[in-house]
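J.: Okay, so here is structure_1.pdb, and as you'll see once you scroll down, it has PDB, C-alpha atoms and all ligand atoms.
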ATOM      1  CA  MET A   1      20.818  -5.473  13.771  1.00  0.00           C
ATOM      2  CA  ILE A   2      19.990  -9.092  12.875  1.00  0.00           C
ATOM      3  CA  ILE A   3      18.984  -9.742   9.289  1.00  0.00           C
ATOM      4  CA  ASN A   4      17.354 -13.083   8.679  1.00  0.00           C
ATOM      5  CA  PRO A   5      17.703 -13.811   4.934  1.00  0.00           C
ATOM      6  CA  GLU A   6      14.405 -15.717   4.925  1.00  0.00           C
ATOM      7  CA  ARG A   7      12.592 -12.625   6.136  1.00  0.00           C
ATOM      8  CA  GLN A   8      14.671 -10.120   4.204  1.00  0.00           C
ATOM      9  CA  PRO A   9      13.517 -10.200   0.579  1.00  0.00           C
ATOM     10  CA  ILE A  10      14.032  -6.443   0.125  1.00  0.00           C
ATOM     11  CA  PRO A  11      16.413  -5.866  -2.816  1.00  0.00           C
ATOM     12  CA  ARG A  12      19.743  -4.358  -1.770  1.00  0.00           C
ATOM     13  CA  GLU A  13      19.433  -1.569  -4.375  1.00  0.00           C
ATOM     14  CA  PHE A  14      16.176  -0.408  -2.789  1.00  0.00           C
ATOM     15  CA  ILE A  15      17.689  -0.212   0.708  1.00  0.00           C
ATOM     16  CA  GLU A  16      20.885   1.444  -0.559  1.00  0.00           C
ATOM     17  CA  LYS A  17      19.089   4.066  -2.676  1.00  0.00           C
ATOM     18  CA  LEU A  18      16.095   4.232  -0.343  1.00  0.00           C
ATOM     19  CA  PRO A  19      13.623   6.553  -2.114  1.00  0.00           C
ATOM     20  CA  GLU A  20      12.232   9.584  -0.319  1.00  0.00           C
ATOM     21  CA  GLY A  21       8.913   8.727   1.300  1.00  0.00           C
ATOM     22  CA  PHE A  22      10.187   5.416   2.683  1.00  0.00           C
ATOM     23  CA  LYS A  23      12.098   4.463   5.801  1.00  0.00           C
ATOM     24  CA  VAL A  24      13.523   1.224   7.097  1.00  0.00           C
ATOM     25  CA  ALA A  25      12.188  -0.255  10.339  1.00  0.00           C
ATOM     26  CA  ASN A  26      13.478  -3.125  12.424  1.00  0.00           C
ATOM     27  CA  ARG A  27      10.851  -5.333  14.047  1.00  0.00           C
ATOM     28  CA  HIS A  28      11.743  -8.518  15.932  1.00  0.00           C
ATOM     29  CA  GLY A  29      15.111  -8.702  14.199  1.00  0.00           C
ATOM     30  CA  SER A  30      13.757  -8.302  10.648  1.00  0.00           C
ATOM     31  CA  ILE A  31      14.078  -5.312   8.353  1.00  0.00           C
ATOM     32  CA  TYR A  32      10.973  -3.836   6.758  1.00  0.00           C
ATOM     33  CA  VAL A  33      10.396  -0.957   4.366  1.00  0.00           C
ATOM     34  CA  VAL A  34       7.787   1.468   5.699  1.00  0.00           C
ATOM     35  CA  VAL A  35       5.917   4.148   3.749  1.00  0.00           C
ATOM     36  CA  GLU A  36       6.185   7.475   5.561  1.00  0.00           C
ATOM     37  CA  ASP A  37       5.134  10.098   2.987  1.00  0.00           C
ATOM     38  CA  VAL A  38       2.416   9.613   0.378  1.00  0.00           C
ATOM     39  CA  ARG A  39       0.288  12.429  -0.979  1.00  0.00           C
ATOM     40  CA  CYS A  40      -2.932  13.282  -2.770  1.00  0.00           C
ATOM     41  CA  PRO A  41      -2.781  15.151  -6.138  1.00  0.00           C
ATOM     42  CA  ASN A  42      -3.002  18.438  -4.176  1.00  0.00           C
ATOM     43  CA  GLY A  43       0.040  17.607  -2.046  1.00  0.00           C
ATOM     44  CA  HIS A  44      -1.601  16.664   1.264  1.00  0.00           C
ATOM     45  CA  ASN A  45       0.319  14.046   3.201  1.00  0.00           C
ATOM     46  CA  ILE A  46      -2.229  11.317   3.913  1.00  0.00           C
ATOM     47  CA  ILE A  47      -0.129   9.534   6.533  1.00  0.00           C
ATOM     48  CA  THR A  48      -1.967   9.844   9.836  1.00  0.00           C
ATOM     49  CA  ASP A  49      -1.178   9.334  13.476  1.00  0.00           C
ATOM     50  CA  THR A  50      -4.885   8.699  14.210  1.00  0.00           C
ATOM     51  CA  VAL A  51      -4.320   4.991  13.589  1.00  0.00           C
ATOM     52  CA  ARG A  52      -0.963   3.276  13.980  1.00  0.00           C
ATOM     53  CA  LEU A  53      -0.268  -0.162  12.503  1.00  0.00           C
ATOM     54  CA  HIS A  54       2.723  -2.097  13.909  1.00  0.00           C
ATOM     55  CA  GLY A  55       3.509   1.099  15.833  1.00  0.00           C
ATOM     56  CA  GLU A  56       3.788   3.393  12.784  1.00  0.00           C
ATOM     57  CA  PRO A  57       1.340   5.992  11.404  1.00  0.00           C
ATOM     58  CA  SER A  58      -0.982   4.490   8.780  1.00  0.00           C
ATOM     59  CA  ILE A  59      -2.261   5.733   5.406  1.00  0.00           C
ATOM     60  CA  GLY A  60      -5.735   7.178   5.937  1.00  0.00           C
ATOM     61  CA  ILE A  61      -8.127   7.519   2.988  1.00  0.00           C
ATOM     62  CA  LYS A  62     -11.821   8.218   2.508  1.00  0.00           C
ATOM     63  CA  VAL A  63     -13.543   5.419   0.611  1.00  0.00           C
ATOM     64  CA  LYS A  64     -16.914   4.667  -0.913  1.00  0.00           C
ATOM     65  CA  GLY A  65     -18.378   1.847  -2.995  1.00  0.00           C
ATOM     66  CA  GLY A  66     -20.275  -1.388  -2.404  1.00  0.00           C
ATOM     67  CA  GLY A  67     -22.996   0.559  -0.613  1.00  0.00           C
ATOM     68  CA  ILE A  68     -20.674   2.002   2.001  1.00  0.00           C
ATOM     69  CA  LYS A  69     -18.913   5.271   2.789  1.00  0.00           C
ATOM     70  CA  GLY A  70     -16.148   5.388   5.339  1.00  0.00           C
ATOM     71  CA  THR A  71     -12.491   5.615   6.239  1.00  0.00           C
ATOM     72  CA  MET A  72      -9.807   3.031   5.655  1.00  0.00           C
ATOM     73  CA  TYR A  73      -6.323   2.883   7.132  1.00  0.00           C
ATOM     74  CA  LEU A  74      -3.756   0.990   5.059  1.00  0.00           C
ATOM     75  CA  ASP A  75      -0.626  -0.682   6.394  1.00  0.00           C
ATOM     76  CA  PRO A  76       2.483   1.509   5.989  1.00  0.00           C
ATOM     77  CA  PHE A  77       4.677  -1.635   6.223  1.00  0.00           C
ATOM     78  CA  TRP A  78       5.441  -2.860   2.717  1.00  0.00           C
ATOM     79  CA  GLY A  79       4.134  -6.427   2.248  1.00  0.00           C
ATOM     80  CA  LEU A  80       2.140  -6.728   5.468  1.00  0.00           C
ATOM     81  CA  HIS A  81      -1.372  -5.736   4.283  1.00  0.00           C
ATOM     82  CA  GLN A  82      -2.943  -5.102   7.666  1.00  0.00           C
ATOM     83  CA  LYS A  83      -5.713  -2.535   7.672  1.00  0.00           C
ATOM     84  CA  LEU A  84      -8.491  -0.993   9.689  1.00  0.00           C
ATOM     85  CA  PHE A  85     -11.790   0.338   8.395  1.00  0.00           C
ATOM     86  CA  ASP A  86     -15.011   1.628   9.885  1.00  0.00           C
ATOM     87  CA  PHE A  87     -17.556  -0.029   7.571  1.00  0.00           C
ATOM     88  CA  MET A  88     -18.888  -3.433   6.538  1.00  0.00           C
ATOM     89  CA  PHE A  89     -20.008  -4.444   3.060  1.00  0.00           C
ATOM     90  CA  LYS A  90     -23.331  -6.156   2.597  1.00  0.00           C
ATOM     91  CA  SER A  91     -22.767  -9.872   2.083  1.00  0.00           C
ATOM     92  CA  ASN A  92     -24.238  -9.783  -1.457  1.00  0.00           C
ATOM     93  CA  ILE A  93     -21.382  -7.566  -2.684  1.00  0.00           C
ATOM     94  CA  PRO A  94     -18.279  -9.262  -1.275  1.00  0.00           C
ATOM     95  CA  ASN A  95     -15.599  -7.683  -3.491  1.00  0.00           C
ATOM     96  CA  PRO A  96     -16.776  -4.248  -4.646  1.00  0.00           C
ATOM     97  CA  LEU A  97     -14.724  -1.609  -6.411  1.00  0.00           C
ATOM     98  CA  ILE A  98     -13.654   1.149  -4.052  1.00  0.00           C
ATOM     99  CA  LYS A  99     -13.389   4.860  -4.850  1.00  0.00           C
ATOM    100  CA  ALA A 100     -10.771   6.559  -2.701  1.00  0.00           C
ATOM    101  CA  ALA A 101     -10.323  10.243  -1.889  1.00  0.00           C
ATOM    102  CA  CYS A 102      -8.033  12.490   0.135  1.00  0.00           C
ATOM    103  CA  PRO A 103      -9.346  12.945   3.713  1.00  0.00           C
ATOM    104  CA  HIS A 104      -8.198  16.602   3.670  1.00  0.00           C
ATOM    105  CA  CYS A 105      -9.454  17.985   0.320  1.00  0.00           C
ATOM    106  CA  ASN A 106     -11.620  15.164  -1.028  1.00  0.00           C
ATOM    107  CA  ALA A 107      -9.566  14.991  -4.270  1.00  0.00           C
ATOM    108  CA  SER A 108      -9.988  11.682  -6.056  1.00  0.00           C
ATOM    109  CA  LEU A 109      -7.062   9.241  -5.788  1.00  0.00           C
ATOM    110  CA  MET A 110      -8.396   7.133  -8.668  1.00  0.00           C
ATOM    111  CA  THR A 111      -6.535   6.455 -11.895  1.00  0.00           C
ATOM    112  CA  THR A 112      -7.517   4.428 -14.967  1.00  0.00           C
ATOM    113  CA  LYS A 113      -5.508   1.211 -15.191  1.00  0.00           C
ATOM    114  CA  ARG A 114      -6.468  -2.331 -16.077  1.00  0.00           C
ATOM    115  CA  CYS A 115      -5.851  -5.018 -13.432  1.00  0.00           C
ATOM    116  CA  ASP A 116      -4.209  -8.194 -14.803  1.00  0.00           C
ATOM    117  CA  THR A 117      -5.188 -10.423 -11.887  1.00  0.00           C
ATOM    118  CA  PRO A 118      -7.435 -13.195 -13.285  1.00  0.00           C
ATOM    119  CA  GLY A 119     -11.066 -12.656 -12.380  1.00  0.00           C
ATOM    120  CA  CYS A 120     -10.590  -9.120 -11.060  1.00  0.00           C
ATOM    121  CA  ASN A 121     -11.604  -7.024 -14.121  1.00  0.00           C
ATOM    122  CA  SER A 122     -10.977  -3.738 -12.339  1.00  0.00           C
ATOM    123  CA  ASP A 123     -10.090  -0.837 -14.616  1.00  0.00           C
ATOM    124  CA  GLU A 124      -9.263   1.528 -11.773  1.00  0.00           C
ATOM    125  CA  PHE A 125      -6.424   1.791  -9.293  1.00  0.00           C
ATOM    126  CA  ILE A 126      -5.899   3.978  -6.234  1.00  0.00           C
ATOM    127  CA  GLU A 127      -2.800   6.090  -6.780  1.00  0.00           C
ATOM    128  CA  PHE A 128      -0.549   7.466  -4.033  1.00  0.00           C
ATOM    129  CA  SER A 129       2.075  10.042  -5.003  1.00  0.00           C
ATOM    130  CA  LEU A 130       5.534   9.664  -3.498  1.00  0.00           C
ATOM    131  CA  PRO A 131       8.033  12.534  -3.175  1.00  0.00           C
ATOM    132  CA  GLY A 132       9.903  13.044  -6.474  1.00  0.00           C
ATOM    133  CA  LYS A 133       8.383  13.599  -9.896  1.00  0.00           C
ATOM    134  CA  GLY A 134       6.721  10.492 -11.337  1.00  0.00           C
ATOM    135  CA  ASN A 135       7.210   8.397  -8.209  1.00  0.00           C
ATOM    136  CA  LYS A 136       4.093   6.596  -7.058  1.00  0.00           C
ATOM    137  CA  ILE A 137       2.439   3.510  -5.606  1.00  0.00           C
ATOM    138  CA  ASP A 138      -0.809   2.207  -7.040  1.00  0.00           C
ATOM    139  CA  VAL A 139      -3.205  -0.341  -5.634  1.00  0.00           C
ATOM    140  CA  CYS A 140      -6.069  -2.148  -7.418  1.00  0.00           C
ATOM    141  CA  ALA A 141      -9.427  -0.653  -6.443  1.00  0.00           C
ATOM    142  CA  ARG A 142     -11.070  -4.089  -6.115  1.00  0.00           C
ATOM    143  CA  TRP A 143     -11.628  -5.061  -2.480  1.00  0.00           C
ATOM    144  CA  GLY A 144      -9.709  -8.288  -1.880  1.00  0.00           C
ATOM    145  CA  CYS A 145      -7.393  -7.910  -4.902  1.00  0.00           C
ATOM    146  CA  SER A 146      -3.726  -7.665  -3.946  1.00  0.00           C
ATOM    147  CA  GLU A 147      -2.541  -6.204  -7.287  1.00  0.00           C
ATOM    148  CA  HIS A 148      -0.292  -3.161  -6.814  1.00  0.00           C
ATOM    149  CA  SER A 149       2.847  -1.604  -8.236  1.00  0.00           C
ATOM    150  CA  ILE A 150       5.559   0.870  -7.381  1.00  0.00           C
ATOM    151  CA  THR A 151       7.261   3.351  -9.723  1.00  0.00           C
ATOM    152  CA  ILE A 152      10.498   5.063  -8.667  1.00  0.00           C
ATOM    153  CA  GLU A 153      12.290   6.998 -11.420  1.00  0.00           C
ATOM    154  CA  SER A 154      15.767   6.623  -9.871  1.00  0.00           C
ATOM    155  CA  ILE A 155      15.524   2.847  -9.364  1.00  0.00           C
ATOM    156  CA  GLY A 156      15.689   0.169 -12.049  1.00  0.00           C
ATOM    157  CA  GLU A 157      12.522  -1.657 -13.022  1.00  0.00           C
ATOM    158  CA  ASP A 158      14.074  -5.041 -12.071  1.00  0.00           C
ATOM    159  CA  THR A 159      14.321  -3.780  -8.511  1.00  0.00           C
ATOM    160  CA  THR A 160      10.850  -2.242  -8.341  1.00  0.00           C
ATOM    161  CA  VAL A 161       9.358  -5.485  -9.688  1.00  0.00           C
ATOM    162  CA  GLN A 162      11.139  -7.354  -6.870  1.00  0.00           C
ATOM    163  CA  VAL A 163       9.837  -4.813  -4.365  1.00  0.00           C
ATOM    164  CA  LYS A 164       6.322  -5.285  -5.712  1.00  0.00           C
ATOM    165  CA  LYS A 165       6.570  -9.021  -4.950  1.00  0.00           C
ATOM    166  CA  ILE A 166       7.503  -8.585  -1.287  1.00  0.00           C
ATOM    167  CA  ASN A 167       4.706 -10.242   0.608  1.00  0.00           C
ATOM    168  CA  TYR A 168       4.827 -11.665   4.119  1.00  0.00           C
ATOM    169  CA  GLN A 169       2.143 -14.236   3.424  1.00  0.00           C
ATOM    170  CA  ASP A 170       2.069 -15.728   6.891  1.00  0.00           C
ATOM    171  CA  MET A 171       1.317 -12.363   8.453  1.00  0.00           C
ATOM    172  CA  HIS A 172      -1.970 -11.415   6.852  1.00  0.00           C
ATOM    173  CA  THR A 173      -5.185 -13.044   5.756  1.00  0.00           C
ATOM    174  CA  HIS A 174      -5.730 -13.407   2.020  1.00  0.00           C
ATOM    175  CA  GLY A 175      -9.400 -12.462   1.909  1.00  0.00           C
ATOM    176  CA  GLU A 176      -8.653  -8.786   2.461  1.00  0.00           C
ATOM    177  CA  ALA A 177      -5.306  -8.514   0.730  1.00  0.00           C
ATOM    178  CA  MET A 178      -5.881  -5.025  -0.738  1.00  0.00           C
ATOM    179  CA  GLY A 179      -2.826  -2.837  -0.244  1.00  0.00           C
ATOM    180  CA  PHE A 180       0.876  -3.217  -0.997  1.00  0.00           C
TER
HETATM  181 ZN    ZN B   1      -5.747  16.437  -0.534  1.00  0.00          ZN
HETATM  182 ZN    ZN B   2      -7.373  -6.253  -9.239  1.00  0.00          ZN
END
Produce structure tokens that represent the structure in this file.
T.:
Amino acid sequence: MIINPERQPIPREFIEKLPEGFKVANRHGSIYVVVEDVRCPNGHNIITDTVRLHGEPSIGIKVKGGGIKGTMYLDPFWGLHQKLFDFMFKSNIPNPLIKAACPHCNASLMTTKRCDTPGCNSDEFIEFSLPGKGNKIDVCARWGCSEHSITIESIGEDTTVQVKKINYQDMHTHGEAMGF
């Protein structure tokens, strides 16, 4: 396995103590962390084989907001931010707030949290539960805002802050950076 240090910003502690719900994937000689188990508050796994991104099952959620209702598939690869969705916003609301729900039971995935990204002003995040009590990923509900965080009880905050910053900038477009 070739590890290119330029493309390998994943903290060693995260790989060594890899939390449940994540796996490591090798693509074109680089190592990536991939989300493989995230759940709604009722315990449904919202990873779906219906849409694969970079060859892996994506995270499928029901969304509404900005005059639309539809389905969005988020990138399971940490830092890549690709996504697919089956709707288009009207041009007069370019960056709406999204409400997300479980595709199986319709439970809300929303949580109250203030976004610190300048100009965003969102006070809601989409929360994905990871296996293990208290473990979660959350993503700003503002379309186009890339704010997100990861909480893993067994891993130090220094490491999770580093994980949060992983971002393969050359591999996605900034205008639709929502995700993690
Ligand atoms: Zn559910
Ligand atoms: Zn935001």
J.: Return as JSON lines the residues of chain A lying at most 12 Å from ligand ZN 1 (chain B), together with the closest atom-to-atom pair for each and the distance in Å to one decimal, counting all atoms listed in the file, with rows in chain order and ascending residue number.
T.:
{"residue": "A:Val38", "atom": "CA", "partner": "B:ZN1", "partner_atom": "ZN", "distance": 10.7}
{"residue": "A:Arg39", "atom": "CA", "partner": "B:ZN1", "partner_atom": "ZN", "distance": 7.3}
{"residue": "A:Cys40", "atom": "CA", "partner": "B:ZN1", "partner_atom": "ZN", "distance": 4.8}
{"residue": "A:Pro41", "atom": "CA", "partner": "B:ZN1", "partner_atom": "ZN", "distance": 6.5}
{"residue": "A:Asn42", "atom": "CA", "partner": "B:ZN1", "partner_atom": "ZN", "distance": 5.0}
{"residue": "A:Gly43", "atom": "CA", "partner": "B:ZN1", "partner_atom": "ZN", "distance": 6.1}
{"residue": "A:His44", "atom": "CA", "partner": "B:ZN1", "partner_atom": "ZN", "distance": 4.5}
{"residue": "A:Asn45", "atom": "CA", "partner": "B:ZN1", "partner_atom": "ZN", "distance": 7.5}
{"residue": "A:Ile46", "atom": "CA", "partner": "B:ZN1", "partner_atom": "ZN", "distance": 7.6}
{"residue": "A:Ile47", "atom": "CA", "partner": "B:ZN1", "partner_atom": "ZN", "distance": 11.4}
{"residue": "A:Gly60", "atom": "CA", "partner": "B:ZN1", "partner_atom": "ZN", "distance": 11.3}
{"residue": "A:Ile61", "atom": "CA", "partner": "B:ZN1", "partner_atom": "ZN", "distance": 9.9}
{"residue": "A:Lys62", "atom": "CA", "partner": "B:ZN1", "partner_atom": "ZN", "distance": 10.7}
{"residue": "A:Ala100", "atom": "CA", "partner": "B:ZN1", "partner_atom": "ZN", "distance": 11.3}
{"residue": "A:Ala101", "atom": "CA", "partner": "B:ZN1", "partner_atom": "ZN", "distance": 7.8}
{"residue": "A:Cys102", "atom": "CA", "partner": "B:ZN1", "partner_atom": "ZN", "distance": 4.6}
{"residue": "A:Pro103", "atom": "CA", "partner": "B:ZN1", "partner_atom": "ZN", "distance": 6.6}
{"residue": "A:His104", "atom": "CA", "partner": "B:ZN1", "partner_atom": "ZN", "distance": 4.9}
{"residue": "A:Cys105", "atom": "CA", "partner": "B:ZN1", "partner_atom": "ZN", "distance": 4.1}
{"residue": "A:Asn106", "atom": "CA", "partner": "B:ZN1", "partner_atom": "ZN", "distance": 6.0}
{"residue": "A:Ala107", "atom": "CA", "partner": "B:ZN1", "partner_atom": "ZN", "distance": 5.5}
{"residue": "A:Ser108", "atom": "CA", "partner": "B:ZN1", "partner_atom": "ZN", "distance": 8.4}
{"residue": "A:Leu109", "atom": "CA", "partner": "B:ZN1", "partner_atom": "ZN", "distance": 9.0}
{"residue": "A:Phe128", "atom": "CA", "partner": "B:ZN1", "partner_atom": "ZN", "distance": 10.9}
{"residue": "A:Ser129", "atom": "CA", "partner": "B:ZN1", "partner_atom": "ZN", "distance": 11.0}
J.: Give me, as a Markdown table, each residue of chain A that comes within 9 Å of ligand ZN 2 (chain B), together with its shortest interatomic pair and the distance in Å at one decimal, counting all atoms listed in the file, with rows ordered by chain and rising residue number.
T.:
| residue | atom | partner | partner_atom | distance |
| --- | --- | --- | --- | --- |
| A:Arg114 | CA | B:ZN2 | ZN | 7.9 |
| A:Cys115 | CA | B:ZN2 | ZN | 4.6 |
| A:Asp116 | CA | B:ZN2 | ZN | 6.7 |
| A:Thr117 | CA | B:ZN2 | ZN | 5.4 |
| A:Pro118 | CA | B:ZN2 | ZN | 8.0 |
| A:Gly119 | CA | B:ZN2 | ZN | 8.0 |
| A:Cys120 | CA | B:ZN2 | ZN | 4.7 |
| A:Asn121 | CA | B:ZN2 | ZN | 6.5 |
| A:Ser122 | CA | B:ZN2 | ZN | 5.4 |
| A:Asp123 | CA | B:ZN2 | ZN | 8.1 |
| A:Glu124 | CA | B:ZN2 | ZN | 8.4 |
| A:Phe125 | CA | B:ZN2 | ZN | 8.1 |
| A:Val139 | CA | B:ZN2 | ZN | 8.1 |
| A:Cys140 | CA | B:ZN2 | ZN | 4.7 |
| A:Ala141 | CA | B:ZN2 | ZN | 6.6 |
| A:Arg142 | CA | B:ZN2 | ZN | 5.3 |
| A:Trp143 | CA | B:ZN2 | ZN | 8.1 |
| A:Gly144 | CA | B:ZN2 | ZN | 8.0 |
| A:Cys145 | CA | B:ZN2 | ZN | 4.6 |
| A:Ser146 | CA | B:ZN2 | ZN | 6.6 |
| A:Glu147 | CA | B:ZN2 | ZN | 5.2 |
| A:His148 | CA | B:ZN2 | ZN | 8.1 |
| A:Met178 | CA | B:ZN2 | ZN | 8.7 |
J.: As a check of understanding, name the residues that the PyMOL selection byres (((chain A and resi 167) around 8) and not hetatm) selects in the supplied structure, as a list in words.
T.: Trp78, Gly79, Leu80, Lys165, Ile166, Tyr168 and Gln169 of chain A
J.: Can I get the selected residues back with C-alpha atoms, as a PDB file, in the coordinates of the input?
T.:
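part23.pdb, written as the output of this step:
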ATOM      1  CA  TRP A  78       5.441  -2.860   2.717  1.00  0.00           C
ATOM      2  CA  GLY A  79       4.134  -6.427   2.248  1.00  0.00           C
ATOM      3  CA  LEU A  80       2.140  -6.728   5.468  1.00  0.00           C
ATOM      4  CA  LYS A 165       6.570  -9.021  -4.950  1.00  0.00           C
ATOM      5  CA  ILE A 166       7.503  -8.585  -1.287  1.00  0.00           C
ATOM      6  CA  TYR A 168       4.827 -11.665   4.119  1.00  0.00           C
ATOM      7  CA  GLN A 169       2.143 -14.236   3.424  1.00  0.00           C
TER       8      GLN A 169
END
J.: Using only C-alpha atoms, can you tell me which of A:Val63, A:Leu74, A:Ile152, A:Leu84 comes closest to A:Gly21?
T.: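 The answer is A:Ile152, which sits nearest to A:Gly21.
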J.: So which one's closest to A:Leu53, A:Pro96, A:Pro76, A:Pro11, A:Pro131? Using all atoms listed in the file, please.
T.: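 Among the listed residues, the smallest separation from A:Leu53 belongs to A:Pro76.
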J.: Here is a test: counting all atoms listed in the file, which residue of A:Gly179, A:Gly70, A:Gly55, A:Pro19 is nearest to A:Ile126?
T.: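 Of the candidates, the smallest distance to A:Ile126 is held by A:Gly179.
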J.: Figure out the distance between atom CA of A:Thr151 and atom CA of A:Asn135, please, to one decimal in Å.
T.: 5.3 Å
J.: Kindly give the distance, in Å, that separates atom CA of A:Glu16 and atom CA of A:Lys136, rounded to a single decimal.
T.: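 Distance between the two atoms: 18.7 Å.
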J.: Counting all atoms listed in the file, which residue out of A:Asp37, A:Asp158, A:Glu127, A:Glu153 sits closest to A:Pro57?
T.: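 Smallest separation from A:Pro57 among the options: A:Asp37.
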J.: Go through A:Gly66, A:Val34, A:Lys17, A:Arg12 and flag the residue nearest A:Pro94, using only C-alpha atoms for the distances.
T.: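 Of the candidates, the smallest distance to A:Pro94 is held by A:Gly66.
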J.: In Å, rounded to a single decimal, give me how far atom CA of A:Leu97 is from atom CA of A:Phe22.
T.: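 Computing the Euclidean distance for atom CA of A:Phe22 and atom CA of A:Leu97 yields 27.4 Å.
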J.: What would the list of residues within 9 Å of (11.6, -0.2, -6.5) (file frame) look like as a PyMOL selection string, if all atoms listed in the file are what count?
T.: chain A and resi 11+13-14+18-19+150-164
J.: Would you please work out which residue, of A:His28, A:Lys133, A:Lys113, A:His54, is nearest to A:Phe77 when using all atoms listed in the file?
T.: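 Going through A:His28, A:Lys133, A:Lys113, A:His54 one by one, the smallest distance to A:Phe77 is for A:His54.
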J.: So for stretch 22-38 of chain A, what box centre and size do we get, axis-aligned, 6 Å extra on each of the six sides, every listed atom, Å to one decimal, as AutoDock Vina command-line options?
T.:
--center_x 8.8 --center_y 0.7 --center_z 8.2 --size_x 24.7 --size_y 30.8 --size_z 27.6
